[in-house]
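K.L.:
Quick one, data.txt (compact mmCIF, C-alpha atoms):
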```
# COMPACT_ATOMS: atom_id res chain seq x y z
CA SER A 161 29.97 14.71 -27.03
CA VAL A 162 29.42 13.25 -23.57
CA LEU A 163 27.72 10.18 -25.03
CA SER A 164 30.36 9.60 -27.69
CA ARG A 165 33.00 9.80 -25.00
CA TYR A 166 31.25 7.28 -22.77
CA GLU A 167 29.44 5.01 -25.24
CA ASN A 168 32.10 2.32 -25.41
CA GLN A 169 33.46 2.75 -21.93
CA ILE A 170 32.67 -0.37 -19.95
CA THR A 171 33.40 -0.22 -16.26
CA ILE A 172 33.32 -3.17 -13.91
CA LEU A 173 33.15 -3.51 -10.14
CA SER A 174 36.64 -3.21 -8.69
CA ASP A 175 38.33 -6.52 -8.02
CA TYR A 176 40.23 -5.01 -5.15
CA LEU A 177 37.18 -4.18 -3.06
CA GLU A 178 37.98 -4.64 0.58
CA GLU A 179 36.09 -7.49 2.17
CA PHE A 180 34.00 -6.81 5.25
CA PRO A 181 36.27 -6.39 8.27
CA GLU A 182 36.28 -8.77 11.19
CA THR A 183 34.04 -7.08 13.73
CA ASP A 184 31.35 -7.78 16.30
CA GLU A 185 29.33 -4.79 15.11
CA PRO A 186 26.08 -5.69 13.35
CA VAL A 187 25.47 -4.91 9.70
CA TRP A 188 22.07 -3.44 8.86
CA ILE A 189 20.59 -3.99 5.39
CA LEU A 190 17.14 -2.56 4.65
CA GLY A 191 15.69 -3.32 8.06
CA ARG A 192 17.49 -6.64 8.60
CA GLN A 193 20.35 -7.20 11.02
CA HIS A 194 23.30 -9.43 10.09
CA HIS A 195 26.36 -10.53 12.05
CA LEU A 196 29.62 -10.93 10.16
CA ASN A 197 31.06 -13.48 12.57
CA THR A 198 28.20 -15.95 12.20
CA GLY A 199 26.19 -15.01 9.12
CA LYS A 200 28.42 -13.48 6.46
CA SER A 201 27.09 -15.72 3.66
CA LYS A 202 23.53 -14.82 4.63
CA LEU A 203 24.45 -11.14 4.46
CA LEU A 204 25.94 -11.47 0.98
CA LEU A 205 22.88 -13.41 -0.19
CA ASP A 206 20.64 -10.66 1.12
CA ILE A 207 22.62 -8.00 -0.75
CA SER A 208 22.76 -9.96 -4.03
CA ALA A 209 18.98 -10.43 -3.93
CA ARG A 210 18.44 -6.68 -4.42
CA LEU A 211 17.75 -5.70 -8.02
CA TRP A 212 20.80 -3.88 -9.37
CA PHE A 213 20.28 -1.41 -12.20
CA THR A 214 23.29 0.02 -13.96
CA TYR A 215 24.14 2.06 -17.01
CA ARG A 216 23.13 0.28 -20.22
CA ARG A 217 24.04 0.73 -23.86
CA LYS A 218 22.54 -0.22 -27.23
CA PHE A 219 18.91 0.33 -26.20
CA SER A 220 16.50 2.06 -28.61
CA PRO A 221 17.17 5.83 -28.75
CA ILE A 222 15.21 7.78 -26.15
CA GLY A 223 12.49 9.79 -27.88
CA GLY A 224 13.41 8.20 -31.20
CA THR A 225 16.46 10.36 -31.83
CA GLY A 226 18.01 10.72 -28.37
CA PRO A 227 20.76 8.79 -26.59
CA SER A 228 20.98 5.00 -26.79
CA SER A 229 23.06 4.78 -23.61
CA ASP A 230 22.73 6.49 -20.23
CA THR A 231 26.42 6.16 -19.34
CA GLY A 232 27.65 9.34 -17.72
CA TRP A 233 24.24 10.83 -16.86
CA GLY A 234 21.71 8.19 -15.76
CA CYS A 235 23.14 7.06 -12.40
CA MET A 236 20.50 8.76 -10.22
CA LEU A 237 17.72 7.43 -12.44
CA ARG A 238 19.15 3.94 -12.00
CA CYS A 239 19.26 4.44 -8.22
CA GLY A 240 15.63 5.54 -8.29
CA GLN A 241 14.81 2.36 -10.20
CA MET A 242 16.59 0.30 -7.54
CA MET A 243 14.65 1.90 -4.69
CA LEU A 244 11.33 1.43 -6.48
CA ALA A 245 12.23 -2.16 -7.42
CA GLN A 246 12.87 -2.91 -3.77
CA ALA A 247 9.40 -1.60 -2.95
CA LEU A 248 7.90 -3.87 -5.63
CA ILE A 249 9.84 -6.88 -4.34
CA CYS A 250 8.41 -6.21 -0.87
CA ARG A 251 4.98 -5.64 -2.40
CA HIS A 252 4.77 -8.92 -4.32
CA LEU A 253 7.44 -11.29 -2.94
CA GLY A 254 8.14 -10.04 0.59
CA ARG A 255 11.26 -8.60 2.19
CA ASP A 256 12.70 -12.04 2.95
CA TRP A 257 12.56 -13.27 -0.65
CA GLN A 258 15.97 -14.50 -1.84
CA TRP A 259 17.46 -14.73 -5.31
CA GLU A 260 19.66 -17.61 -6.40
CA LYS A 261 21.47 -17.89 -9.71
CA HIS A 262 19.78 -20.24 -12.21
CA LYS A 263 16.91 -20.92 -9.79
CA LYS A 264 13.43 -20.60 -11.27
CA GLN A 265 11.71 -17.50 -9.97
CA PRO A 266 7.99 -16.72 -9.67
CA GLU A 267 6.17 -14.91 -12.47
CA GLU A 268 5.80 -11.81 -10.28
CA TYR A 269 9.58 -11.48 -10.19
CA HIS A 270 9.89 -11.44 -13.98
CA ARG A 271 6.97 -9.07 -14.21
CA ILE A 272 8.74 -6.69 -11.82
CA LEU A 273 11.89 -6.88 -13.94
CA ARG A 274 9.91 -6.14 -17.11
CA CYS A 275 8.74 -2.86 -15.56
CA PHE A 276 12.35 -1.61 -15.70
CA LEU A 277 13.65 -2.90 -19.04
CA ASP A 278 15.19 -0.23 -21.27
CA ARG A 279 12.22 0.03 -23.63
CA LYS A 280 9.88 2.93 -24.21
CA ASP A 281 6.81 0.77 -23.43
CA CYS A 282 8.02 -0.31 -19.96
CA CYS A 283 6.52 1.85 -17.23
CA TYR A 284 9.73 2.59 -15.26
CA SER A 285 12.27 2.35 -18.09
CA ILE A 286 15.09 4.83 -18.55
CA HIS A 287 13.03 6.13 -21.50
CA GLN A 288 9.95 6.88 -19.40
CA MET A 289 11.97 8.40 -16.55
CA ALA A 290 14.08 10.62 -18.79
CA GLN A 291 11.06 11.86 -20.74
CA MET A 292 8.99 12.47 -17.61
CA GLY A 293 11.95 14.42 -16.25
CA VAL A 294 11.44 16.99 -19.01
CA GLY A 295 8.35 18.11 -17.10
CA GLU A 296 10.59 18.62 -14.07
CA GLY A 297 12.88 20.93 -16.04
CA LYS A 298 15.51 18.30 -16.90
CA SER A 299 16.64 17.80 -20.49
CA ILE A 300 17.10 14.22 -21.69
CA GLY A 301 20.69 13.35 -20.89
CA GLU A 302 20.89 15.75 -17.96
CA TRP A 303 21.82 14.56 -14.47
CA PHE A 304 18.99 14.28 -11.92
CA GLY A 305 19.06 14.99 -8.20
CA PRO A 306 17.27 12.83 -5.57
CA ASN A 307 14.18 15.06 -5.37
CA THR A 308 13.72 15.14 -9.17
CA VAL A 309 13.84 11.33 -9.34
CA ALA A 310 11.27 11.14 -6.53
CA GLN A 311 8.90 13.48 -8.41
CA VAL A 312 9.32 11.46 -11.62
CA LEU A 313 8.53 8.17 -9.85
CA LYS A 314 5.44 9.76 -8.27
CA LYS A 315 4.10 10.73 -11.70
CA LEU A 316 4.96 7.45 -13.42
CA ALA A 317 3.25 5.42 -10.67
CA LEU A 318 -0.08 6.98 -11.68
CA PHE A 319 0.06 4.93 -14.90
CA ASP A 320 1.00 1.65 -13.19
CA GLU A 321 -2.20 -0.18 -12.28
CA TRP A 322 -0.61 -3.57 -11.63
CA ASN A 323 1.55 -2.42 -8.72
CA SER A 324 -1.05 0.12 -7.59
CA LEU A 325 1.31 2.17 -5.43
CA ALA A 326 0.54 5.42 -3.65
CA VAL A 327 3.72 7.49 -3.91
CA TYR A 328 4.11 10.30 -1.39
CA VAL A 329 7.03 12.70 -1.68
CA SER A 330 7.36 14.92 1.39
CA MET A 331 7.62 18.71 1.15
CA ASP A 332 9.72 21.02 3.31
CA ASN A 333 11.18 18.13 5.35
CA THR A 334 7.68 17.39 6.66
CA VAL A 335 5.66 14.16 6.49
CA VAL A 336 1.92 14.72 7.02
CA ILE A 337 0.10 11.67 8.40
CA GLU A 338 -3.34 13.00 7.48
CA ASP A 339 -2.36 13.49 3.83
CA ILE A 340 -0.82 10.03 3.50
CA LYS A 341 -3.89 8.31 4.93
CA LYS A 342 -6.12 10.37 2.66
CA MET A 343 -4.04 9.32 -0.36
CA CYS A 344 -3.75 5.64 0.52
CA TRP A 345 -7.47 5.29 1.22
CA SER A 346 -8.51 7.58 -1.63
CA PRO A 347 -10.94 5.91 -4.08
CA ALA A 348 -9.67 5.64 -7.64
CA GLN A 349 -10.97 8.42 -9.81
CA SER A 350 -9.77 10.36 -12.80
CA SER A 351 -8.79 13.98 -12.84
CA SER A 352 -7.19 16.32 -15.29
CA VAL A 353 -3.41 16.36 -15.02
CA ALA A 354 -0.89 17.62 -17.57
CA HIS A 355 -2.13 16.75 -21.06
CA SER A 356 1.40 16.28 -22.31
CA SER A 357 2.15 13.71 -19.60
CA ALA A 358 -0.88 11.67 -20.65
CA HIS A 359 0.28 11.69 -24.27
CA LEU A 360 3.88 10.96 -23.37
CA HIS A 361 3.09 7.86 -21.36
CA ARG A 362 0.19 6.35 -23.25
CA SER A 363 2.41 3.53 -24.48
CA ALA A 364 3.22 2.62 -20.88
CA LEU A 365 -0.49 2.47 -20.06
CA GLY A 366 -1.09 -0.37 -22.49
CA GLN A 367 1.70 -2.37 -20.87
CA ASN A 368 0.18 -2.16 -17.41
CA LYS A 369 -3.52 -2.88 -17.79
CA ASN A 370 -3.73 -5.98 -15.69
CA THR A 371 -5.56 -8.44 -13.57
CA ALA A 372 -4.67 -6.82 -10.25
CA GLY A 373 -6.91 -3.84 -10.82
CA LEU A 374 -7.46 -1.23 -8.15
CA TYR A 375 -7.58 -2.14 -4.50
CA PRO A 376 -10.58 -1.08 -2.42
CA GLY A 377 -8.51 -1.01 0.78
CA TRP A 378 -5.18 0.55 1.70
CA LYS A 379 -3.05 1.31 -1.33
CA PRO A 380 0.57 0.21 -0.67
CA LEU A 381 2.67 3.26 0.16
CA LEU A 382 6.02 4.29 -1.26
CA LEU A 383 7.16 7.15 0.97
CA ILE A 384 10.11 9.25 -0.21
CA ILE A 385 11.59 12.00 1.95
CA PRO A 386 14.04 14.31 0.14
CA LEU A 387 16.38 15.98 2.62
CA ARG A 388 19.25 18.42 2.83
CA LEU A 389 21.42 17.30 5.76
CA GLY A 390 23.89 20.16 5.70
CA ILE A 391 25.28 22.85 3.41
CA ASN A 392 28.45 21.54 1.80
CA HIS A 393 28.91 18.46 3.98
CA ILE A 394 26.58 16.32 6.04
CA ASN A 395 26.06 17.75 9.52
CA PRO A 396 27.27 15.16 12.10
CA VAL A 397 24.17 15.84 14.22
CA TYR A 398 22.08 13.89 11.66
CA ILE A 399 24.24 10.77 11.46
CA ASP A 400 22.59 8.68 14.20
CA ALA A 401 19.08 9.45 12.93
CA PHE A 402 20.13 8.68 9.35
CA LYS A 403 21.49 5.29 10.40
CA GLU A 404 18.31 4.52 12.38
CA CYS A 405 16.31 4.71 9.15
CA PHE A 406 18.15 1.66 7.77
CA LYS A 407 17.09 -0.32 10.86
CA MET A 408 13.37 0.20 10.26
CA PRO A 409 11.56 -2.81 8.75
CA GLN A 410 9.95 -0.43 6.24
CA SER A 411 13.34 0.81 4.97
CA LEU A 412 14.02 1.12 1.24
CA GLY A 413 17.40 2.73 1.84
CA ALA A 414 18.42 6.10 0.49
CA LEU A 415 19.31 7.86 -2.75
CA GLY A 416 22.39 10.04 -2.65
CA GLY A 417 26.12 9.94 -3.18
CA LYS A 418 28.58 12.62 -4.18
CA PRO A 419 28.08 15.56 -6.59
CA ASN A 420 27.04 14.12 -9.99
CA ASN A 421 27.79 10.61 -8.72
CA ALA A 422 24.73 8.76 -7.40
CA TYR A 423 24.58 5.60 -5.30
CA TYR A 424 21.78 3.50 -3.82
CA PHE A 425 22.48 3.13 -0.10
CA ILE A 426 21.04 -0.05 1.42
CA GLY A 427 22.62 -0.21 4.87
CA PHE A 428 25.54 0.50 7.12
CA LEU A 429 28.31 -0.98 9.24
CA GLY A 430 29.58 1.31 11.98
CA ASN A 431 30.18 4.68 10.33
CA GLU A 432 30.35 3.27 6.82
CA LEU A 433 27.42 3.18 4.42
CA ILE A 434 26.88 0.14 2.19
CA TYR A 435 25.68 0.87 -1.33
CA LEU A 436 24.97 -0.51 -4.78
CA ASP A 437 26.83 1.34 -7.51
CA PRO A 438 25.15 1.92 -10.91
CA HIS A 439 28.42 3.01 -12.57
CA THR A 440 28.89 -0.15 -14.63
CA THR A 441 27.94 -0.13 -18.32
CA GLN A 442 26.22 -3.30 -19.51
CA SER A 443 24.46 -4.16 -22.75
CA PHE A 444 20.70 -3.83 -23.17
CA VAL A 445 18.71 -6.90 -22.10
CA ASP A 446 15.20 -7.63 -23.37
CA SER A 447 12.63 -10.16 -22.21
CA GLU A 448 12.44 -13.61 -23.79
CA GLU A 449 9.46 -14.79 -25.84
CA ASN A 450 7.99 -16.53 -22.81
CA GLY A 451 8.18 -13.29 -20.77
CA THR A 452 11.12 -14.27 -18.59
CA VAL A 453 14.21 -12.08 -18.35
CA ASP A 454 17.84 -13.22 -18.33
CA ASP A 455 18.46 -11.73 -14.92
CA GLN A 456 22.18 -12.45 -14.30
CA SER A 457 23.16 -8.83 -14.96
CA PHE A 458 20.45 -7.46 -12.65
CA HIS A 459 22.06 -8.75 -9.45
CA CYS A 460 25.40 -7.59 -8.04
CA GLN A 461 27.25 -10.76 -7.11
CA GLN A 462 30.40 -9.20 -5.69
CA ALA A 463 31.21 -7.62 -2.35
CA PRO A 464 29.30 -4.33 -2.07
CA HIS A 465 30.89 -0.89 -1.94
CA ARG A 466 31.28 1.06 1.28
CA MET A 467 31.95 4.71 2.04
CA LYS A 468 32.31 6.79 5.19
CA ILE A 469 29.08 8.56 6.13
CA MET A 470 30.91 11.88 6.47
CA ASN A 471 31.80 11.70 2.75
CA LEU A 472 28.11 11.66 1.81
CA ASP A 473 26.72 14.63 -0.10
CA PRO A 474 24.09 16.32 2.12
CA SER A 475 21.37 16.03 -0.55
CA VAL A 476 19.64 12.67 -0.06
CA ALA A 477 16.22 11.02 -0.29
CA LEU A 478 15.07 8.39 2.19
CA GLY A 479 12.67 5.67 1.05
CA PHE A 480 10.15 3.56 2.99
CA PHE A 481 7.51 1.01 1.96
CA CYS A 482 4.31 0.36 3.92
CA LYS A 483 2.23 -2.45 2.42
CA GLU A 484 -0.53 -2.16 5.01
CA GLU A 485 -1.82 0.69 7.15
CA CYS A 486 -0.41 -1.03 10.25
CA ASP A 487 3.07 -0.85 8.64
CA PHE A 488 2.68 2.91 8.30
CA ASP A 489 1.40 3.29 11.86
CA ASN A 490 4.40 1.28 13.07
CA TRP A 491 6.74 3.49 11.01
CA CYS A 492 5.22 6.61 12.60
CA SER A 493 5.84 5.14 16.06
CA LEU A 494 9.46 4.33 15.21
CA VAL A 495 10.02 7.85 13.86
CA GLN A 496 8.61 9.37 17.04
CA LYS A 497 10.81 7.13 19.15
CA GLU A 498 14.08 7.10 17.19
CA ILE A 499 14.16 10.15 14.87
CA LEU A 500 12.29 12.85 16.76
CA LYS A 501 14.29 12.48 19.96
CA GLN A 502 15.22 15.64 21.77
CA GLN A 503 18.01 17.07 19.69
CA SER A 504 19.12 20.43 18.38
CA LEU A 505 18.24 19.63 14.78
CA ARG A 506 15.63 17.17 13.53
CA MET A 507 16.27 15.36 10.28
CA PHE A 508 12.60 15.78 9.30
CA GLU A 509 9.24 16.45 10.94
CA LEU A 510 6.26 14.12 11.30
CA VAL A 511 2.96 15.95 11.88
CA GLN A 512 -0.60 14.69 12.24
CA LYS A 513 -2.51 17.47 10.47
CA HIS A 514 -2.00 19.22 7.15
CA PRO A 515 -0.33 22.59 7.86
CA PRO A 516 -2.99 25.34 7.45
CA HIS A 517 -0.62 27.66 5.54
CA TRP A 518 0.05 25.00 2.88
CA PRO A 519 -2.08 24.64 -0.26
CA PRO A 520 -4.84 22.00 0.15
CA PHE A 521 -3.68 18.42 -0.33
CA ILE A 522 -5.27 16.70 -3.33
CA PRO A 523 -4.30 13.04 -3.82
CA PRO A 524 -2.76 12.59 -7.28
CA THR A 525 -4.84 10.57 -9.72
CA LYS A 526 -4.26 9.11 -13.15
CA PRO A 527 -4.78 11.60 -15.96
CA GLU A 528 -7.72 11.13 -18.27
CA VAL A 529 -6.55 9.74 -21.58
CA THR A 530 -8.59 10.13 -24.75
CA THR A 531 -8.80 6.66 -26.25
CA THR A 532 -10.06 7.63 -29.73
CA GLY A 533 -7.48 6.26 -32.13
CA ALA A 534 -5.05 5.55 -29.32
CA GLU A 535 -5.11 1.83 -30.07
CA LEU A 536 -3.49 2.55 -33.42
CA ILE A 537 -0.68 4.60 -31.92
CA GLU A 538 2.00 2.36 -30.45
CA SER A 539 4.87 4.70 -29.79
CA THR A 540 5.49 8.03 -28.11
CA ASP A 541 7.47 9.02 -31.19
CA LYS A 542 4.32 8.90 -33.33
CA LEU A 543 2.46 10.91 -30.72
CA PHE A 544 5.06 13.65 -30.88
CA GLU A 545 4.82 13.68 -34.68
CA LEU A 546 1.04 14.07 -34.53
CA GLU A 547 1.27 16.85 -31.96
CA GLU A 548 3.81 18.71 -34.11
CA GLU A 549 1.57 18.36 -37.19
CA PHE A 550 -1.38 19.67 -35.19
CA GLU A 551 0.61 22.68 -34.02
CA ILE A 552 1.64 23.46 -37.64
CA LEU A 553 -1.97 23.18 -38.80
CA SER A 554 -3.10 25.42 -35.93
CA VAL A 555 -0.62 28.10 -37.00
```
Kindly transcribe the structure held in the file into structure tokens.

P.N.:
Amino acid sequence: SVLSRYENQITILSDYLEEFPETDEPVWILGRQHHLNTGKSKLLLDISARLWFTYRRKFSPIGGTGPSSDTGWGCMLRCGQMMLAQALICRHLGRDWQWEKHKKQPEEYHRILRCFLDRKDCCYSIHQMAQMGVGEGKSIGEWFGPNTVAQVLKKLALFDEWNSLAVYVSMDNTVVIEDIKKMCWSPAQSSSVAHSSAHLHRSALGQNKNTAGLYPGWKPLLLIIPLRLGINHINPVYIDAFKECFKMPQSLGALGGKPNNAYYFIGFLGNELIYLDPHTTQSFVDSEENGTVDDQSFHCQQAPHRMKIMNLDPSVALGFFCKEECDFDNWCSLVQKEILKQQSLRMFELVQKHPPHWPPFIPPTKPEVTTTGAELIESTDKLFELEEEFEILSV
């Protein structure tokens, strides 16, 4: 009923969005400082270069018989895609890469975009995220919170050999330096993870066997820190520390918003947050025969949305990307200097050693996948059919 209500509802960015005010205050966007008085066009170019993922319609049904649109329920998944896409842009093209309409882009850019297309064989598609969310207790078509999206991205990254990311999601508001270094330097090896996850995402595996392979050195780090910054409303004591995170060169912004209404926050001006809004329904876009993607609808080319920080729901997830170990060491220094100042409440903790009362830390590794006959099975739908037949035969 929700889908039928929303399927044909197409929303667009408001034409009446207030332009940036005249002010001497700097604007911070994902670790870059802009000045409205002298560099407004540069600021807008920086914002439009971010990959913008929105609701889509008319894609192949999720799971074969599920929804063919994520309007009304997929906004947090889209925000998670945007944060991850920003990490991949930094990984392959650099933070200062700029997008221009109709300008030819490098192959890496189109390859990044193909990771997120709304197809079941794309590693970070709405299909893969929704189905992986089932393992996190979320039905397909159910709204996700920031932490659930973080856990889903962590699992999906295990199948993505081209980007070769180490995804660390902090627990109990605590980032453990020892565990991150262990994970990012951990040699690639297989281990037994959930059998169902391996089956579910076998189609994505085929998509991502690649030339990049596994890196012998530091594995680029996507660090996600889910937080609760208050009970019903954000506690004002966290505001300065929250804003400092957008100033860090490693910043990937934050996932959050309002109850059941997710946004991807990329910066701030004064006490207003700047965000990309996924609540626009666009038609499904596929890649061309030559592998390029018509990318016009993947970049927001209008003035961005803003909201007062105090209107933010207290449940958020911060994101950071550290391509090299020195980037992570620098991030740790900035956290010590700017976040862990003497204050009554700390937004999160950064500790050197793994807490002794926690379970041992084991770096996640890609599940073993049985290849016998797998080459003949192209879709997750067929896998489900085979598993159901096996269960019937077993009974």

K.L.:
Would you compute the distance between atom CA of A:Trp212 and atom CA of A:Asp184? Give it in Å to one decimal.

P.N.:
28.0 Å

K.L.:
Please identify all polymer residues within 12 Å of A:Tyr398, counting all atoms listed in the file, omitting same-chain residues fewer than 6 positions from it, and present them as a VMD selection string.

P.N.:
chain A and resid 387 to 390 404 to 405 469 to 470 472 474 498 to 501 503 to 508

K.L.:
Could you give me, as a Markdown table, a per-residue list for stretch 197-310 of chain A showing, wherever an atom lies at most 9 Å from an atom of stretch 480-494 of chain A, the closest pair of atoms and their distance in Å to one decimal, using only C-alpha atoms and sorting by chain then residue number from low to high?

P.N.:
```
| residue | atom | partner | partner_atom | distance |
| --- | --- | --- | --- | --- |
| A:Gln246 | CA | A:Phe481 | CA | 8.8 |
| A:Ala247 | CA | A:Phe481 | CA | 5.9 |
| A:Cys250 | CA | A:Phe481 | CA | 7.8 |
| A:Arg251 | CA | A:Lys483 | CA | 6.4 |
```

K.L.:
Could you name the residues that touch A:Pro515 at 12 Å or less, counting only C-alpha atoms, but leaving out those on the same chain fewer than 4 positions away, as a list of chain:residue names?

P.N.:
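Listed by chain and then number, they are A:Met331, A:Asp332, A:Thr334, A:Val335, A:Val336, A:Ile337, A:Glu338, A:Asp339, A:Glu509, A:Leu510, A:Val511, A:Pro519, A:Pro520, A:Phe521.
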
K.L.:
So which one's closest to A:Pro386, A:Ile340, A:Val445, A:Ala477, A:Ala290? Using only C-alpha atoms, please.

P.N.:
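Using only C-alpha atoms, A:Pro386 sits closest to A:Ala477.
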
K.L.:
So which one's closest to A:Tyr424, A:Met467, A:Ile391, A:Met236, A:Val187? Using all atoms listed in the file, please.

P.N.:
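Of the candidates, the smallest distance to A:Tyr424 is held by A:Met236.
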
K.L.:
Tell me, as a list in words, which residues lie within 10 Å of A:Leu412, counting all atoms listed in the file; anything in the same chain fewer than 3 positions away does not count.

P.N.:
Ile189, Leu190, Gly191, Met242, Met243, Leu244, Ala245, Gln246, Ala247, Cys250, Leu382, Leu383, Ile384, Cys405, Phe406, Met408, Pro409, Leu415, Tyr424, Phe425, Ile426, Gly427, Leu478, Gly479, Phe480 and Phe481 of chain A

K.L.:
Those same residues, written as a PDB file, in the frame of the given file with C-alpha atoms?

P.N.:
```pdb
ATOM      1  CA  ILE A 189      20.590  -3.990   5.390  1.00  0.00           C
ATOM      2  CA  LEU A 190      17.140  -2.560   4.650  1.00  0.00           C
ATOM      3  CA  GLY A 191      15.690  -3.320   8.060  1.00  0.00           C
ATOM      4  CA  MET A 242      16.590   0.300  -7.540  1.00  0.00           C
ATOM      5  CA  MET A 243      14.650   1.900  -4.690  1.00  0.00           C
ATOM      6  CA  LEU A 244      11.330   1.430  -6.480  1.00  0.00           C
ATOM      7  CA  ALA A 245      12.230  -2.160  -7.420  1.00  0.00           C
ATOM      8  CA  GLN A 246      12.870  -2.910  -3.770  1.00  0.00           C
ATOM      9  CA  ALA A 247       9.400  -1.600  -2.950  1.00  0.00           C
ATOM     10  CA  CYS A 250       8.410  -6.210  -0.870  1.00  0.00           C
ATOM     11  CA  LEU A 382       6.020   4.290  -1.260  1.00  0.00           C
ATOM     12  CA  LEU A 383       7.160   7.150   0.970  1.00  0.00           C
ATOM     13  CA  ILE A 384      10.110   9.250  -0.210  1.00  0.00           C
ATOM     14  CA  CYS A 405      16.310   4.710   9.150  1.00  0.00           C
ATOM     15  CA  PHE A 406      18.150   1.660   7.770  1.00  0.00           C
ATOM     16  CA  MET A 408      13.370   0.200  10.260  1.00  0.00           C
ATOM     17  CA  PRO A 409      11.560  -2.810   8.750  1.00  0.00           C
ATOM     18  CA  LEU A 415      19.310   7.860  -2.750  1.00  0.00           C
ATOM     19  CA  TYR A 424      21.780   3.500  -3.820  1.00  0.00           C
ATOM     20  CA  PHE A 425      22.480   3.130  -0.100  1.00  0.00           C
ATOM     21  CA  ILE A 426      21.040  -0.050   1.420  1.00  0.00           C
ATOM     22  CA  GLY A 427      22.620  -0.210   4.870  1.00  0.00           C
ATOM     23  CA  LEU A 478      15.070   8.390   2.190  1.00  0.00           C
ATOM     24  CA  GLY A 479      12.670   5.670   1.050  1.00  0.00           C
ATOM     25  CA  PHE A 480      10.150   3.560   2.990  1.00  0.00           C
ATOM     26  CA  PHE A 481       7.510   1.010   1.960  1.00  0.00           C
TER      27      PHE A 481
END
```

K.L.:
Nearest residue to A:Tyr215 out of A:Leu203, A:Met343, A:Leu325, A:Cys235, using all atoms listed in the file?

P.N.:
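Nearest candidate to A:Tyr215 out of A:Leu203, A:Met343, A:Leu325, A:Cys235: A:Cys235.
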
K.L.:
So that all listed atoms of stretch 470-474 of chain A fit with 4 Å spare on each side, what axis-aligned box centre and edge lengths in Å, to one decimal, would you give as AutoDock Vina command-line options?

P.N.:
```
--center_x 27.9 --center_y 14.0 --center_z 3.2 --size_x 15.7 --size_y 12.7 --size_z 14.6
```

K.L.:
For stretch 297-311 of chain A, work out the shell of residues within 9 Å, counting all atoms listed in the file and skipping chain neighbours fewer than 6 positions away, then give it as an MDAnalysis selection string.

P.N.:
chainID A and resid 163 222:223 226:227 230 232:237 239:240 289:291 327:329 384:387 415:416 420 422 475:477

K.L.:
Return the single residue from A:Asn471, A:Asn323, A:Asn333, A:Gln456 that is closest to A:Glu268, with distances computed using all atoms listed in the file.

P.N.:
A:Asn323

K.L.:
Excluding stretch 272-279 of chain A and its own-chain neighbours fewer than 4 positions away, which residues fall within 7 Å of it when counting all atoms listed in the file? Please give them as a list in words.

P.N.:
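Result of the neighbour search: Phe219, Ser220, Leu248, Glu268, Cys283, Tyr284, Ser285, Ile286, His287, Phe444 and Asp446 of chain A.
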
K.L.:
Between atom CA of A:Thr525 and atom CA of A:Gln410, what is the distance, to one decimal in Å?

P.N.:
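A separation of 24.4 Å between them.
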
K.L.:
By how many Å are atom CA of A:Arg217 and atom CA of A:Ser443 apart?

P.N.:
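One can read the atom CA of A:Arg217 to atom CA of A:Ser443 distance as 5.0 Å.
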
K.L.:
Tell me which of A:His465, A:Leu436, A:His514, A:His252 sits closest to A:Ser330, counting only C-alpha atoms.

P.N.:
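Among the listed residues, A:His514 lies closest to A:Ser330.
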
K.L.:
For A:Gly224, which residue out of A:Val294, A:Asp206, A:Lys280, A:Lys379 is the nearest one, using only C-alpha atoms?

P.N.:
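Using only C-alpha atoms, A:Gly224 sits closest to A:Lys280.
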
K.L.:
Do you know which residues lie at most 7 Å from (2.4, 10.2, -8.2), with coordinates as in the file and all atoms listed in the file counted, and could you write them as an NGL selection string?

P.N.:
:A and (313-318 or 326-327 or 524)

K.L.:
Got time to write the residues from that selection, C-alpha atoms, as an mmCIF file, in the frame of the given file?

P.N.:
```cif
data_model
loop_
_atom_site.group_PDB
_atom_site.id
_atom_site.type_symbol
_atom_site.label_atom_id
_atom_site.label_comp_id
_atom_site.auth_asym_id
_atom_site.auth_seq_id
_atom_site.Cartn_x
_atom_site.Cartn_y
_atom_site.Cartn_z
ATOM 1 C CA LEU A 313 8.530 8.170 -9.850
ATOM 2 C CA LYS A 314 5.440 9.760 -8.270
ATOM 3 C CA LYS A 315 4.100 10.730 -11.700
ATOM 4 C CA LEU A 316 4.960 7.450 -13.420
ATOM 5 C CA ALA A 317 3.250 5.420 -10.670
ATOM 6 C CA LEU A 318 -0.080 6.980 -11.680
ATOM 7 C CA ALA A 326 0.540 5.420 -3.650
ATOM 8 C CA VAL A 327 3.720 7.490 -3.910
ATOM 9 C CA PRO A 524 -2.760 12.590 -7.280
#
```

K.L.:
Extract stretch 215-228 of chain A from the structure I just pasted (atoms: C-alpha atoms) and return it as an mmCIF file, in the first residue's frame.

P.N.:
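After the write, selection_21.cif holds the following:
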```cif
data_model
loop_
_atom_site.group_PDB
_atom_site.id
_atom_site.type_symbol
_atom_site.label_atom_id
_atom_site.label_comp_id
_atom_site.auth_asym_id
_atom_site.auth_seq_id
_atom_site.Cartn_x
_atom_site.Cartn_y
_atom_site.Cartn_z
ATOM 1 C CA TYR A 215 14.639 7.540 -4.801
ATOM 2 C CA ARG A 216 14.251 5.702 -8.112
ATOM 3 C CA ARG A 217 11.362 3.935 -9.797
ATOM 4 C CA LYS A 218 10.938 1.312 -12.518
ATOM 5 C CA PHE A 219 13.990 -0.753 -11.546
ATOM 6 C CA SER A 220 13.781 -4.567 -11.539
ATOM 7 C CA PRO A 221 11.801 -5.828 -8.511
ATOM 8 C CA ILE A 222 13.984 -6.423 -5.465
ATOM 9 C CA GLY A 223 14.276 -10.160 -4.844
ATOM 10 C CA GLY A 224 12.327 -10.850 -8.023
ATOM 11 C CA THR A 225 8.908 -10.108 -6.554
ATOM 12 C CA GLY A 226 9.574 -7.143 -4.262
ATOM 13 C CA PRO A 227 9.257 -3.385 -4.783
ATOM 14 C CA SER A 228 10.398 -1.729 -8.012
#
```
